[in-house]
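J.: Next comes the structure file start12.cif, holding mmCIF, C-alpha atoms.
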```
data_coords
loop_
_atom_site.label_atom_id
_atom_site.label_comp_id
_atom_site.auth_asym_id
_atom_site.auth_seq_id
_atom_site.Cartn_x
_atom_site.Cartn_y
_atom_site.Cartn_z
CA MET A 1 -2.68 -9.07 7.48
CA ARG A 2 -0.14 -6.36 6.93
CA MET A 3 3.36 -6.52 5.50
CA MET A 4 6.05 -5.08 7.77
CA PRO A 5 9.87 -4.96 7.67
CA ILE A 6 11.42 -7.11 10.38
CA SER A 7 13.42 -4.09 11.58
CA LEU A 8 10.19 -2.38 12.62
CA CYS A 9 8.45 -5.37 14.20
CA ARG A 10 7.81 -5.10 17.92
CA PRO A 11 7.29 -7.71 20.67
CA GLY A 12 3.62 -8.57 21.03
CA MET A 13 2.85 -8.50 17.30
CA ARG A 14 1.50 -11.77 15.91
CA LEU A 15 2.45 -13.49 12.67
CA ALA A 16 -0.25 -13.66 10.03
CA LYS A 17 1.70 -16.12 7.87
CA ARG A 18 3.95 -19.06 8.68
CA ILE A 19 7.72 -18.88 8.53
CA TYR A 20 9.31 -21.81 6.67
CA SER A 21 12.81 -23.25 6.51
CA ASP A 22 14.39 -23.72 3.09
CA ASP A 23 13.15 -27.33 2.94
CA GLY A 24 9.53 -26.48 3.74
CA ILE A 25 9.51 -27.17 7.48
CA VAL A 26 7.35 -24.78 9.50
CA LEU A 27 9.60 -22.89 11.91
CA LEU A 28 7.03 -20.42 13.25
CA ALA A 29 3.29 -20.99 12.94
CA GLU A 30 0.64 -18.45 12.06
CA GLY A 31 -0.50 -16.61 15.18
CA VAL A 32 2.81 -16.89 17.03
CA GLU A 33 3.49 -13.84 19.18
CA LEU A 34 6.79 -12.23 18.34
CA THR A 35 9.36 -11.67 21.05
CA SER A 36 12.51 -9.57 20.89
CA THR A 37 14.53 -12.79 20.58
CA LEU A 38 12.42 -14.11 17.69
CA ILE A 39 12.59 -10.79 15.87
CA ARG A 40 16.37 -10.71 16.24
CA ARG A 41 16.77 -14.31 15.08
CA LEU A 42 14.55 -13.77 12.02
CA GLY A 43 16.64 -10.77 11.04
CA GLU A 44 19.83 -12.78 11.46
CA CYS A 45 18.39 -15.51 9.22
CA GLY A 46 17.73 -13.09 6.37
CA VAL A 47 13.99 -12.46 6.78
CA SER A 48 13.45 -8.86 5.67
CA PHE A 49 9.66 -8.63 5.84
CA VAL A 50 6.89 -10.56 7.60
CA TYR A 51 3.09 -10.50 7.58
CA ILE A 52 1.58 -9.23 10.84
CA GLN A 53 -2.02 -9.65 12.00
CA ASP A 54 -4.23 -6.57 11.78
CA SER A 55 -7.96 -6.80 12.48
CA ARG A 56 -8.76 -4.40 9.61
CA THR A 57 -6.96 -6.53 7.04
CA ASP A 58 -7.15 -10.06 8.44
CA ASP A 59 -9.34 -11.19 5.53
CA LEU A 60 -6.64 -10.49 2.97
CA SER A 61 -5.08 -13.55 1.36
CA ILE A 62 -1.68 -13.67 -0.30
CA PRO A 63 -1.72 -15.73 -3.53
CA GLU A 64 1.11 -18.22 -3.81
CA LEU A 65 2.76 -18.95 -7.15
CA LEU A 66 3.77 -22.46 -6.03
CA SER A 67 2.10 -24.92 -3.73
CA ASP A 68 3.92 -25.74 -0.50
CA GLU A 69 4.71 -29.22 -1.84
CA THR A 70 6.14 -27.92 -5.12
CA GLN A 71 8.23 -25.35 -3.29
CA ARG A 72 9.52 -27.97 -0.83
CA ARG A 73 10.46 -30.47 -3.56
CA THR A 74 12.06 -27.78 -5.72
CA LEU A 75 14.25 -26.51 -2.89
CA GLN A 76 15.22 -30.04 -1.87
CA THR A 77 16.25 -30.83 -5.46
CA ILE A 78 18.23 -27.60 -5.83
CA ARG A 79 20.00 -28.25 -2.55
CA THR A 80 20.88 -31.84 -3.51
CA VAL A 81 22.16 -30.87 -6.96
CA PHE A 82 24.14 -27.85 -5.80
CA ARG A 83 25.77 -29.79 -2.96
CA GLU A 84 26.71 -32.56 -5.40
CA PHE A 85 28.42 -30.07 -7.66
CA GLY A 86 29.92 -28.25 -4.68
CA ASN A 87 31.52 -31.46 -3.47
CA SER A 88 33.09 -32.00 -6.90
CA THR A 89 35.39 -29.01 -7.19
CA SER A 90 37.82 -31.08 -9.25
CA LYS A 91 35.24 -32.60 -11.58
CA SER A 92 37.05 -34.49 -14.31
CA LYS A 93 36.21 -34.18 -17.98
CA ASN A 94 34.63 -37.62 -18.04
CA SER A 95 32.51 -37.38 -14.87
CA THR A 96 28.85 -36.54 -15.40
CA TYR A 97 25.65 -36.57 -13.35
CA PRO A 98 22.92 -37.88 -15.67
CA TYR A 99 20.35 -37.71 -12.86
CA VAL A 100 20.68 -33.90 -12.64
CA GLY A 101 18.87 -33.26 -15.91
CA ARG A 102 16.16 -35.75 -15.01
CA LYS A 103 15.63 -34.12 -11.62
CA MET A 104 15.48 -30.67 -13.19
CA LYS A 105 12.84 -31.81 -15.70
CA GLU A 106 10.76 -33.32 -12.87
CA VAL A 107 10.93 -30.01 -11.00
CA MET A 108 10.00 -28.04 -14.11
CA LYS A 109 6.94 -30.27 -14.62
CA LEU A 110 5.73 -29.41 -11.11
CA ILE A 111 6.44 -25.69 -11.49
CA MET A 112 4.73 -25.42 -14.87
CA GLU A 113 1.68 -27.34 -13.63
CA ASP A 114 1.31 -24.89 -10.73
CA LEU A 115 1.74 -21.84 -12.96
CA ASP A 116 -0.64 -23.25 -15.60
CA ARG A 117 -3.44 -23.27 -13.01
CA ASN A 118 -3.39 -19.49 -12.97
CA GLN A 119 -2.85 -17.98 -16.41
CA ASP A 120 -3.06 -14.46 -14.94
CA ALA A 121 -0.38 -15.15 -12.31
CA MET A 122 1.82 -12.19 -11.46
CA ILE A 123 5.41 -12.11 -10.22
CA MET A 124 4.92 -11.97 -6.45
CA LEU A 125 7.61 -11.79 -3.78
CA MET A 126 8.22 -15.41 -2.75
CA ASN A 127 10.80 -15.06 0.01
CA LEU A 128 9.03 -12.89 2.57
CA HIS A 129 8.31 -15.78 4.89
CA THR A 130 11.14 -18.24 4.37
CA VAL A 131 14.34 -18.66 6.39
CA ASP A 132 16.54 -19.80 3.57
CA HIS A 133 19.91 -20.52 2.13
CA TYR A 134 19.98 -17.53 -0.24
CA LEU A 135 21.45 -19.40 -3.19
CA TYR A 136 18.75 -22.11 -3.15
CA MET A 137 15.80 -19.74 -2.73
CA HIS A 138 17.21 -17.33 -5.29
CA SER A 139 17.58 -20.14 -7.84
CA MET A 140 13.97 -21.19 -7.34
CA ASN A 141 12.67 -17.63 -7.51
CA VAL A 142 14.56 -16.86 -10.71
CA CYS A 143 13.21 -20.05 -12.28
CA VAL A 144 9.59 -19.33 -11.33
CA TYR A 145 9.66 -15.68 -12.39
CA THR A 146 11.48 -16.45 -15.65
CA THR A 147 9.08 -19.28 -16.51
CA LEU A 148 6.12 -16.95 -15.91
CA LEU A 149 7.65 -14.44 -18.30
CA GLY A 150 8.37 -17.18 -20.85
CA MET A 151 4.72 -18.25 -20.73
CA ALA A 152 3.58 -14.66 -21.26
CA HIS A 153 6.09 -14.29 -24.10
CA GLY A 154 4.63 -17.35 -25.83
CA TYR A 155 7.41 -19.92 -25.69
CA SER A 156 6.49 -23.54 -26.42
CA HIS A 157 6.47 -26.23 -23.73
CA ASP A 158 9.91 -27.54 -24.68
CA GLU A 159 11.33 -24.02 -24.83
CA LEU A 160 9.94 -23.28 -21.39
CA VAL A 161 11.55 -26.42 -19.95
CA THR A 162 14.95 -25.40 -21.34
CA LEU A 163 14.53 -21.79 -20.16
CA GLY A 164 13.40 -22.96 -16.71
CA ILE A 165 16.30 -25.37 -16.29
CA GLY A 166 18.70 -22.62 -17.33
CA ALA A 167 17.15 -20.33 -14.72
CA LEU A 168 17.25 -23.02 -12.01
CA LEU A 169 20.95 -23.65 -12.64
CA HIS A 170 22.10 -20.16 -13.65
CA ASP A 171 24.11 -19.73 -10.43
CA VAL A 172 25.37 -23.31 -10.06
CA GLY A 173 28.91 -22.01 -10.64
CA LYS A 174 28.74 -20.37 -7.21
CA THR A 175 29.17 -23.84 -5.73
CA GLN A 176 32.79 -23.47 -6.88
CA ILE A 177 33.32 -20.14 -5.07
CA SER A 178 34.60 -20.08 -1.49
CA MET A 179 32.05 -19.37 1.25
CA GLN A 180 34.27 -16.58 2.56
CA VAL A 181 33.72 -14.69 -0.69
CA LEU A 182 30.06 -15.66 -1.15
CA LEU A 183 29.07 -14.61 2.37
CA LYS A 184 31.40 -11.67 2.89
CA PRO A 185 29.36 -8.88 4.53
CA GLY A 186 31.53 -6.02 3.27
CA SER A 187 32.83 -4.90 -0.10
CA LEU A 188 34.78 -7.44 -2.14
CA SER A 189 38.41 -6.77 -2.99
CA ALA A 190 39.37 -6.64 -6.66
CA TYR A 191 40.64 -10.22 -6.42
CA GLU A 192 37.47 -11.41 -4.66
CA PHE A 193 35.26 -9.67 -7.22
CA ASP A 194 37.14 -11.35 -10.05
CA GLU A 195 36.72 -14.66 -8.24
CA MET A 196 32.97 -14.07 -7.86
CA LYS A 197 32.60 -13.24 -11.55
CA ARG A 198 34.11 -16.60 -12.47
CA HIS A 199 30.90 -18.34 -11.33
CA THR A 200 29.49 -17.77 -14.83
CA GLU A 201 32.29 -19.66 -16.57
CA ARG A 202 32.43 -22.36 -13.91
CA GLY A 203 28.68 -22.88 -14.16
CA PHE A 204 28.93 -23.28 -17.92
CA TYR A 205 31.72 -25.84 -17.69
CA LEU A 206 29.83 -27.78 -15.02
CA LEU A 207 26.75 -28.02 -17.23
CA LYS A 208 27.84 -28.05 -20.88
CA ASP A 209 28.66 -31.77 -21.06
CA GLU A 210 25.86 -33.03 -18.83
CA PRO A 211 23.88 -35.51 -20.99
CA ASN A 212 20.41 -34.39 -19.86
CA ILE A 213 21.04 -30.64 -19.62
CA PRO A 214 20.26 -28.62 -22.79
CA ILE A 215 23.27 -26.65 -23.99
CA LEU A 216 21.15 -23.47 -24.01
CA ALA A 217 20.55 -23.99 -20.28
CA ALA A 218 24.33 -24.06 -19.81
CA HIS A 219 24.53 -20.79 -21.74
CA CYS A 220 22.09 -19.20 -19.27
CA ALA A 221 24.72 -19.85 -16.60
CA TYR A 222 27.41 -18.49 -18.92
CA GLN A 223 25.67 -15.35 -20.15
CA HIS A 224 23.25 -14.11 -17.46
CA HIS A 225 25.64 -11.30 -16.43
CA GLU A 226 26.29 -10.14 -19.99
CA ARG A 227 24.66 -6.80 -20.89
CA LEU A 228 23.42 -5.25 -24.14
CA ASN A 229 26.15 -2.61 -24.31
CA GLY A 230 28.98 -5.09 -23.73
CA SER A 231 29.63 -3.96 -20.13
CA GLY A 232 28.83 -7.36 -18.63
CA TYR A 233 30.93 -10.45 -18.00
CA PRO A 234 32.61 -12.89 -18.52
CA ARG A 235 33.15 -12.15 -22.23
CA GLY A 236 31.75 -8.66 -22.70
CA ILE A 237 29.49 -9.77 -25.55
CA LYS A 238 26.65 -7.46 -26.57
CA GLY A 239 23.27 -7.19 -28.28
CA ASP A 240 22.24 -10.23 -30.32
CA GLU A 241 25.38 -12.09 -29.26
CA ILE A 242 23.57 -12.75 -25.97
CA HIS A 243 20.93 -15.47 -26.19
CA ASP A 244 17.36 -14.39 -25.43
CA TYR A 245 17.07 -16.93 -22.60
CA ALA A 246 20.08 -15.41 -20.88
CA LYS A 247 18.60 -11.92 -21.32
CA TRP A 248 15.43 -13.01 -19.50
CA VAL A 249 17.43 -14.67 -16.74
CA GLY A 250 19.65 -11.60 -16.42
CA ILE A 251 16.67 -9.31 -15.77
CA VAL A 252 15.06 -11.64 -13.24
CA ASP A 253 18.37 -12.45 -11.52
CA SER A 254 18.95 -8.73 -10.93
CA TYR A 255 15.38 -8.18 -9.71
CA ASP A 256 15.39 -11.05 -7.24
CA ALA A 257 18.83 -10.10 -5.92
CA MET A 258 17.57 -6.57 -5.22
CA THR A 259 14.36 -7.71 -3.52
CA SER A 260 16.11 -10.32 -1.35
CA HIS A 261 18.06 -9.82 1.86
CA ARG A 262 21.80 -10.15 1.33
CA VAL A 263 24.63 -10.31 3.86
CA TYR A 264 25.84 -6.89 2.69
CA ARG A 265 22.49 -5.05 2.36
CA ASP A 266 18.77 -5.23 3.10
CA ALA A 267 16.10 -6.04 0.53
CA ILE A 268 14.35 -3.26 -1.36
CA LEU A 269 10.70 -3.25 -2.44
CA PRO A 270 9.55 -4.28 -5.94
CA HIS A 271 8.66 -0.80 -7.21
CA GLN A 272 12.16 0.41 -6.37
CA ALA A 273 13.79 -2.61 -8.04
CA VAL A 274 11.74 -2.10 -11.22
CA GLU A 275 12.80 1.56 -11.33
CA MET A 276 16.45 0.54 -11.00
CA LEU A 277 16.10 -2.00 -13.82
CA TYR A 278 14.46 0.62 -16.03
CA SER A 279 17.45 2.89 -15.53
CA GLY A 280 19.32 0.32 -17.65
CA SER A 281 16.65 -0.01 -20.33
CA GLY A 282 18.19 -0.22 -23.78
CA THR A 283 21.74 -0.18 -22.46
CA LEU A 284 21.92 -3.04 -19.98
CA TYR A 285 18.58 -4.77 -20.54
CA ASP A 286 16.34 -5.35 -23.56
CA MET A 287 13.54 -2.76 -23.53
CA SER A 288 10.77 -5.06 -24.82
CA LYS A 289 11.63 -7.69 -22.22
CA LEU A 290 11.62 -5.07 -19.47
CA GLN A 291 8.19 -3.90 -20.58
CA LEU A 292 6.74 -7.41 -20.33
CA PHE A 293 8.51 -7.87 -17.01
CA ARG A 294 7.01 -4.63 -15.67
CA ASP A 295 3.52 -5.71 -16.75
CA LYS A 296 3.88 -9.02 -14.90
CA VAL A 297 5.35 -7.75 -11.62
CA ALA A 298 3.11 -7.01 -8.65
CA ILE A 299 5.14 -3.92 -7.77
CA TYR A 300 2.96 -3.17 -4.72
CA PRO A 301 2.68 -6.44 -2.73
CA ILE A 302 -0.60 -7.30 -1.01
CA GLY A 303 -0.49 -6.12 2.60
CA LEU A 304 1.77 -3.14 1.87
CA THR A 305 0.68 0.14 3.47
CA VAL A 306 0.70 3.20 1.21
CA LYS A 307 0.04 6.93 1.44
CA LEU A 308 -2.10 8.62 -1.24
CA ASN A 309 -2.00 12.09 -2.75
CA THR A 310 -5.37 12.65 -1.07
CA GLY A 311 -3.69 12.34 2.34
CA GLN A 312 -5.40 9.00 3.03
CA SER A 313 -3.58 5.85 4.12
CA ALA A 314 -4.46 2.47 2.63
CA VAL A 315 -3.36 -1.15 2.39
CA VAL A 316 -2.92 -2.99 -0.91
CA CYS A 317 -5.62 -5.68 -0.90
CA ASP A 318 -5.50 -6.99 -4.47
CA ILE A 319 -3.55 -6.72 -7.73
CA ASN A 320 -4.97 -5.67 -11.08
CA SER A 321 -3.45 -8.24 -13.43
CA THR A 322 -3.95 -5.94 -16.43
CA CYS A 323 -2.63 -2.85 -14.65
CA ALA A 324 -0.15 -3.96 -11.98
CA HIS A 325 0.95 -0.44 -11.02
CA ARG A 326 -2.67 0.51 -10.16
CA PRO A 327 -3.66 -1.95 -7.39
CA ILE A 328 -6.89 -2.22 -5.42
CA LEU A 329 -6.58 -0.59 -2.00
CA ARG A 330 -8.39 -0.69 1.31
CA VAL A 331 -8.54 2.88 2.57
CA LEU A 332 -8.06 3.03 6.36
CA THR A 333 -7.90 6.75 7.18
CA ASP A 334 -9.42 9.98 5.95
CA GLU A 335 -7.50 12.91 4.46
CA ASP A 336 -6.48 14.11 7.92
CA GLY A 337 -5.12 10.74 9.00
CA VAL A 338 -8.12 9.91 11.21
CA GLU A 339 -8.92 6.19 11.23
CA LEU A 340 -12.15 5.34 9.40
CA LYS A 341 -14.80 3.42 11.28
CA VAL A 342 -15.70 1.63 8.06
CA PRO A 343 -12.72 1.17 5.67
CA PHE A 344 -13.60 1.02 1.98
CA GLU A 345 -11.94 -0.33 -1.15
CA LEU A 346 -10.61 1.82 -3.96
CA ASP A 347 -9.58 0.49 -7.38
CA LEU A 348 -6.82 2.79 -8.64
CA SER A 349 -7.34 1.58 -12.21
CA LYS A 350 -10.75 3.30 -12.07
CA HIS A 351 -9.67 6.39 -10.11
CA LEU A 352 -6.78 7.74 -12.15
CA ASN A 353 -6.61 11.00 -10.18
CA VAL A 354 -5.57 9.10 -7.04
CA LEU A 355 -1.85 8.34 -6.78
CA ILE A 356 0.41 6.40 -4.42
CA THR A 357 2.94 8.92 -3.10
CA LYS A 358 4.68 7.03 -0.29
CA ILE A 359 5.24 3.55 1.03
CA GLU A 360 4.41 3.57 4.73
CA LEU A 361 6.32 0.81 6.44
CA ASN A 362 5.11 1.47 9.97
CA PRO A 363 2.12 3.82 9.95
CA ALA A 364 0.92 2.71 13.39
CA GLU A 365 3.93 4.34 15.02
CA GLY A 366 4.20 7.23 12.56
CA ALA A 367 7.69 6.31 11.40
CA GLY A 368 9.57 4.43 8.75
CA THR A 369 8.24 6.04 5.59
CA MET A 370 9.95 5.43 2.29
CA PRO A 371 9.47 7.52 -0.88
CA ALA A 372 7.66 5.71 -3.68
#
```
Spell out the structure here as structure tokens.

T.:
Amino acid sequence: MRMMPISLCRPGMRLAKRIYSDDGIVLLAEGVELTSTLIRRLGECGVSFVYIQDSRTDDLSIPELLSDETQRRTLQTIRTVFREFGNSTSKSKNSTYPYVGRKMKEVMKLIMEDLDRNQDAMIMLMNLHTVDHYLYMHSMNVCVYTTLLGMAHGYSHDELVTLGIGALLHDVGKTQISMQVLLKPGSLSAYEFDEMKRHTERGFYLLKDEPNIPILAAHCAYQHHERLNGSGYPRGIKGDEIHDYAKWVGIVDSYDAMTSHRVYRDAILPHQAVEMLYSGSGTLYDMSKLQLFRDKVAIYPIGLTVKLNTGQSAVVCDINSTCAHRPILRVLTDEDGVELKVPFELDLSKHLNVLITKIELNPAEGAGTMPA
């Protein structure tokens, strides 16, 4: 299979991976032939990339961080909880939802069990083949990625549960923001931007008195847009004033937002998002946390087509868990761009003189290249 942006898909191509709705229902099965109508509808629904069948790479498998059942139950729970809060815009001081904390802990048990099965799990793009409500999918992604980082960092079980719940609910305050602002395709006005920023405070006040929600989880909602140099919001706190959990969530929230399709811009690829995060190292984001994050991100997703400094083209076929920026490739062409009769695999961690120089998004038609 090969990863391809939906904008460059053509009628006649066949899906190599199912397309799911946000509650786990299969919308398009593996092997479905794409039509111009399907391609247009997928783009309208926020699908930025899909996996396309390719006889030279059909044996490649994409590891999943969560099982289909865990993903389905997590999204259903997020949707239920967020809609409950969204329908309670005038929540009184005495009204609480004790079941929310219990539901979140049940979800975290499932997520941690799935992640525990693969101690070398990497942060993989999870929304390439899901037609989703962005807020729900984003909340799940941030939780999964943050929990993975927390495991690698060495947090205890109870700490991971609190961190994961904070990540799951970090954007719950957006249920109090009007849909016109949330889904506006263009730039926000000054008033609208101020309104959007209030989701941090509103999320905190929704969560802080919930009996089964840890107060540190509420602070993840409150602080995930704060930055080391004090340039963040809502309070402009800096450095050690920001809790470590919120610092983790802030990094992952930014990464997932950049690698997800939004109404106002297309998704970018992981290596570009990591570079953008690193531009804020030490000023916006904690350097040591960014380093661990970088080591755990599969910056070149399996199925991505790349160009090498040798002139050869290749497809990423596996990730080196100890050296994520040096993946294992399947070389498809020679130095002159001529297709090889027998492709071969090349481990970049063992061939340090070979470099990825470009991301080729549509090599078959000779267009759509993107600088690495």

J.: Just so the selection is clear, what residues does the PyMOL selection byres ((chain A and resi 104) around 9) cover here, as number ranges by chain?

T.: A: 74, 77-78, 99-103, 105-109, 161, 164-165, 168-169, 213

J.: Got time to write the residues from that selection, C-alpha atoms, as a PDB file, in the frame of the given file?

T.:
```pdb
ATOM      1  CA  THR A  74      12.060 -27.780  -5.720  1.00  0.00           C
ATOM      2  CA  THR A  77      16.250 -30.830  -5.460  1.00  0.00           C
ATOM      3  CA  ILE A  78      18.230 -27.600  -5.830  1.00  0.00           C
ATOM      4  CA  TYR A  99      20.350 -37.710 -12.860  1.00  0.00           C
ATOM      5  CA  VAL A 100      20.680 -33.900 -12.640  1.00  0.00           C
ATOM      6  CA  GLY A 101      18.870 -33.260 -15.910  1.00  0.00           C
ATOM      7  CA  ARG A 102      16.160 -35.750 -15.010  1.00  0.00           C
ATOM      8  CA  LYS A 103      15.630 -34.120 -11.620  1.00  0.00           C
ATOM      9  CA  LYS A 105      12.840 -31.810 -15.700  1.00  0.00           C
ATOM     10  CA  GLU A 106      10.760 -33.320 -12.870  1.00  0.00           C
ATOM     11  CA  VAL A 107      10.930 -30.010 -11.000  1.00  0.00           C
ATOM     12  CA  MET A 108      10.000 -28.040 -14.110  1.00  0.00           C
ATOM     13  CA  LYS A 109       6.940 -30.270 -14.620  1.00  0.00           C
ATOM     14  CA  VAL A 161      11.550 -26.420 -19.950  1.00  0.00           C
ATOM     15  CA  GLY A 164      13.400 -22.960 -16.710  1.00  0.00           C
ATOM     16  CA  ILE A 165      16.300 -25.370 -16.290  1.00  0.00           C
ATOM     17  CA  LEU A 168      17.250 -23.020 -12.010  1.00  0.00           C
ATOM     18  CA  LEU A 169      20.950 -23.650 -12.640  1.00  0.00           C
ATOM     19  CA  ILE A 213      21.040 -30.640 -19.620  1.00  0.00           C
TER      20      ILE A 213
END
```

J.: Hey, what's within 12 Å of A:His243 if we count only C-alpha atoms and toss same-chain stuff fewer than 4 positions away? As a list in words, please?

T.: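 Near neighbours after the sequence-gap exclusion: Leu163, Gly166, Ile215, Leu216, Ala217, Ala218, His219, Cys220, Ala221, Tyr222, Gln223, His224, His225, Glu226, Arg227, Leu228, Ile237, Lys238, Gly239, Lys247, Trp248, Val249, Gly250 and Asp286 of chain A.
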
J.: Atom CA of A:Ala267 and atom CA of A:Lys358, how far apart in Å?

T.: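 It comes out at 17.4 Å.
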
J.: With a distance cut-off of 8 Å and only C-alpha atoms, select the neighbouring residues of A:Leu206, excluding the residue or stretch itself and same-chain residues fewer than 3 positions from it, and output the selection as a list in words.

T.: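 Residues near the query, excluding close chain neighbours: Phe85, Gly173, Arg202, Gly203, Asp209 and Glu210 of chain A.
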
J.: Excluding A:Met122 and residues on its chain fewer than 6 positions from it, collect all residues at most 9 Å away from it, counting all atoms listed in the file, and give them as a ChimeraX atom specification.

T.: /A:65,145,148,295-298,319,321,324

J.: Considering all atoms listed in the file, return as a PyMOL selection string whatever protein or nucleic-acid residues lie within 7 Å of A:Val142, sequence-local ones (same chain, fewer than 6 positions apart) excluded.

T.: chain A and resi 167-168+252-253+256

J.: List the residues selected by the PyMOL selection byres ((chain A and resi 347) around 10) in the file shown, writing them as a compact mmCIF listing (two decimals) with C-alpha atoms, in the frame of the given file.

T.:
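The result, written out as selection.txt:
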```txt
# COMPACT_ATOMS: atom_id res chain seq x y z
CA VAL A 316 -2.92 -2.99 -0.91
CA CYS A 317 -5.62 -5.68 -0.90
CA ASP A 318 -5.50 -6.99 -4.47
CA ILE A 319 -3.55 -6.72 -7.73
CA ASN A 320 -4.97 -5.67 -11.08
CA ARG A 326 -2.67 0.51 -10.16
CA PRO A 327 -3.66 -1.95 -7.39
CA ILE A 328 -6.89 -2.22 -5.42
CA LEU A 329 -6.58 -0.59 -2.00
CA ARG A 330 -8.39 -0.69 1.31
CA GLU A 345 -11.94 -0.33 -1.15
CA LEU A 346 -10.61 1.82 -3.96
CA LEU A 348 -6.82 2.79 -8.64
CA SER A 349 -7.34 1.58 -12.21
CA LYS A 350 -10.75 3.30 -12.07
CA HIS A 351 -9.67 6.39 -10.11
CA LEU A 352 -6.78 7.74 -12.15
CA VAL A 354 -5.57 9.10 -7.04
```

J.: So the first atom is atom CA of A:Leu135 and the second is atom CA of A:His157; what is the distance between them in Å, to one decimal place?

T.: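 Atom CA of A:Leu135 sits 26.3 Å away from atom CA of A:His157.
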
J.: Within 8 Å of A:His199, counting all atoms listed in the file, which residues qualify if same-chain residues fewer than 2 places away don't, as a list in words?

T.: Asp171, Val172, Gly173, Lys174, Gln176, Ile177, Glu195, Met196, Lys197, Glu201, Arg202 and Gly203 of chain A

J.: When the PyMOL selection byres ((chain A and resi 16) around 12) is applied to the file above, which residues end up in the set, as a ChimeraX atom specification?

T.: /A:1-4,13-15,17-19,28-34,49-55,57-62,128-129,303

J.: Rounded to one decimal place, report the atom CA of A:Asp240-atom CA of A:Tyr255 distance in Å.

T.: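 So the two atoms, atom CA of A:Asp240 and atom CA of A:Tyr255, lie 21.8 Å apart.
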
J.: From the options A:Glu69, A:Asp158, A:Asp266, A:Asp194, which residue's atoms come nearest to A:Asp114, counting only C-alpha atoms?

T.: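 So, comparing all the options, the nearest one is A:Glu69.
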
J.: Pick from A:Thr147, A:Asn229, A:Ser156, A:Ser48: nearest to A:Met258, with all atoms listed in the file counted?

T.: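 Among the listed residues, the smallest separation from A:Met258 belongs to A:Ser48.
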
J.: For each of A:Ser21, A:Tyr97, A:Ile251, A:Met137, take the minimum atom-to-atom distance to A:Gly280, counting all atoms listed in the file, then give the residue where this is smallest.

T.: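 Closest to A:Gly280 of all the choices is A:Ile251.
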
J.: Calculated over all atoms listed in the file, which of the candidates A:Ala314, A:Arg294, A:Gln71, A:Glu44 has the smallest distance to A:Met276?

T.: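 Of A:Ala314, A:Arg294, A:Gln71, A:Glu44, the one nearest A:Met276, counting all atoms listed in the file, is A:Arg294.
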
J.: Nearest to A:Glu339: which of A:Ser288, A:Asn353, A:Arg235, A:Gln312 is it, counting only C-alpha atoms?

T.: A:Gln312

J.: Take stretch 219-227 of chain A, bring it up to N, CA, C and O atoms, and give me the output as an mmCIF file, in the frame of the given file.

T.:
```cif
data_model
loop_
_atom_site.group_PDB
_atom_site.id
_atom_site.type_symbol
_atom_site.label_atom_id
_atom_site.label_comp_id
_atom_site.auth_asym_id
_atom_site.auth_seq_id
_atom_site.Cartn_x
_atom_site.Cartn_y
_atom_site.Cartn_z
ATOM 1 N N HIS A 219 24.216 -22.154 -21.326
ATOM 2 C CA HIS A 219 24.530 -20.790 -21.740
ATOM 3 C C HIS A 219 23.815 -19.749 -20.874
ATOM 4 O O HIS A 219 24.271 -18.601 -20.787
ATOM 5 N N CYS A 220 22.714 -20.120 -20.236
ATOM 6 C CA CYS A 220 22.090 -19.200 -19.270
ATOM 7 C C CYS A 220 23.040 -18.953 -18.104
ATOM 8 O O CYS A 220 23.154 -17.818 -17.606
ATOM 9 N N ALA A 221 23.719 -20.013 -17.657
ATOM 10 C CA ALA A 221 24.720 -19.850 -16.600
ATOM 11 C C ALA A 221 25.882 -18.987 -17.090
ATOM 12 O O ALA A 221 26.411 -18.152 -16.339
ATOM 13 N N TYR A 222 26.258 -19.181 -18.333
ATOM 14 C CA TYR A 222 27.410 -18.490 -18.920
ATOM 15 C C TYR A 222 27.142 -17.003 -19.158
ATOM 16 O O TYR A 222 28.004 -16.138 -18.926
ATOM 17 N N GLN A 223 25.925 -16.679 -19.606
ATOM 18 C CA GLN A 223 25.670 -15.350 -20.150
ATOM 19 C C GLN A 223 24.762 -14.456 -19.297
ATOM 20 O O GLN A 223 24.504 -13.311 -19.693
ATOM 21 N N HIS A 224 24.274 -14.897 -18.149
ATOM 22 C CA HIS A 224 23.250 -14.110 -17.460
ATOM 23 C C HIS A 224 23.760 -12.795 -16.880
ATOM 24 O O HIS A 224 22.966 -11.937 -16.473
ATOM 25 N N HIS A 225 25.084 -12.594 -16.854
ATOM 26 C CA HIS A 225 25.640 -11.300 -16.430
ATOM 27 C C HIS A 225 26.170 -10.485 -17.607
ATOM 28 O O HIS A 225 26.788 -9.440 -17.396
ATOM 29 N N GLU A 226 25.948 -10.948 -18.823
ATOM 30 C CA GLU A 226 26.290 -10.140 -19.990
ATOM 31 C C GLU A 226 25.210 -9.059 -20.158
ATOM 32 O O GLU A 226 24.061 -9.250 -19.767
ATOM 33 N N ARG A 227 25.592 -7.910 -20.743
ATOM 34 C CA ARG A 227 24.660 -6.800 -20.890
ATOM 35 C C ARG A 227 24.688 -6.278 -22.329
ATOM 36 O O ARG A 227 25.688 -6.410 -23.036
#
```
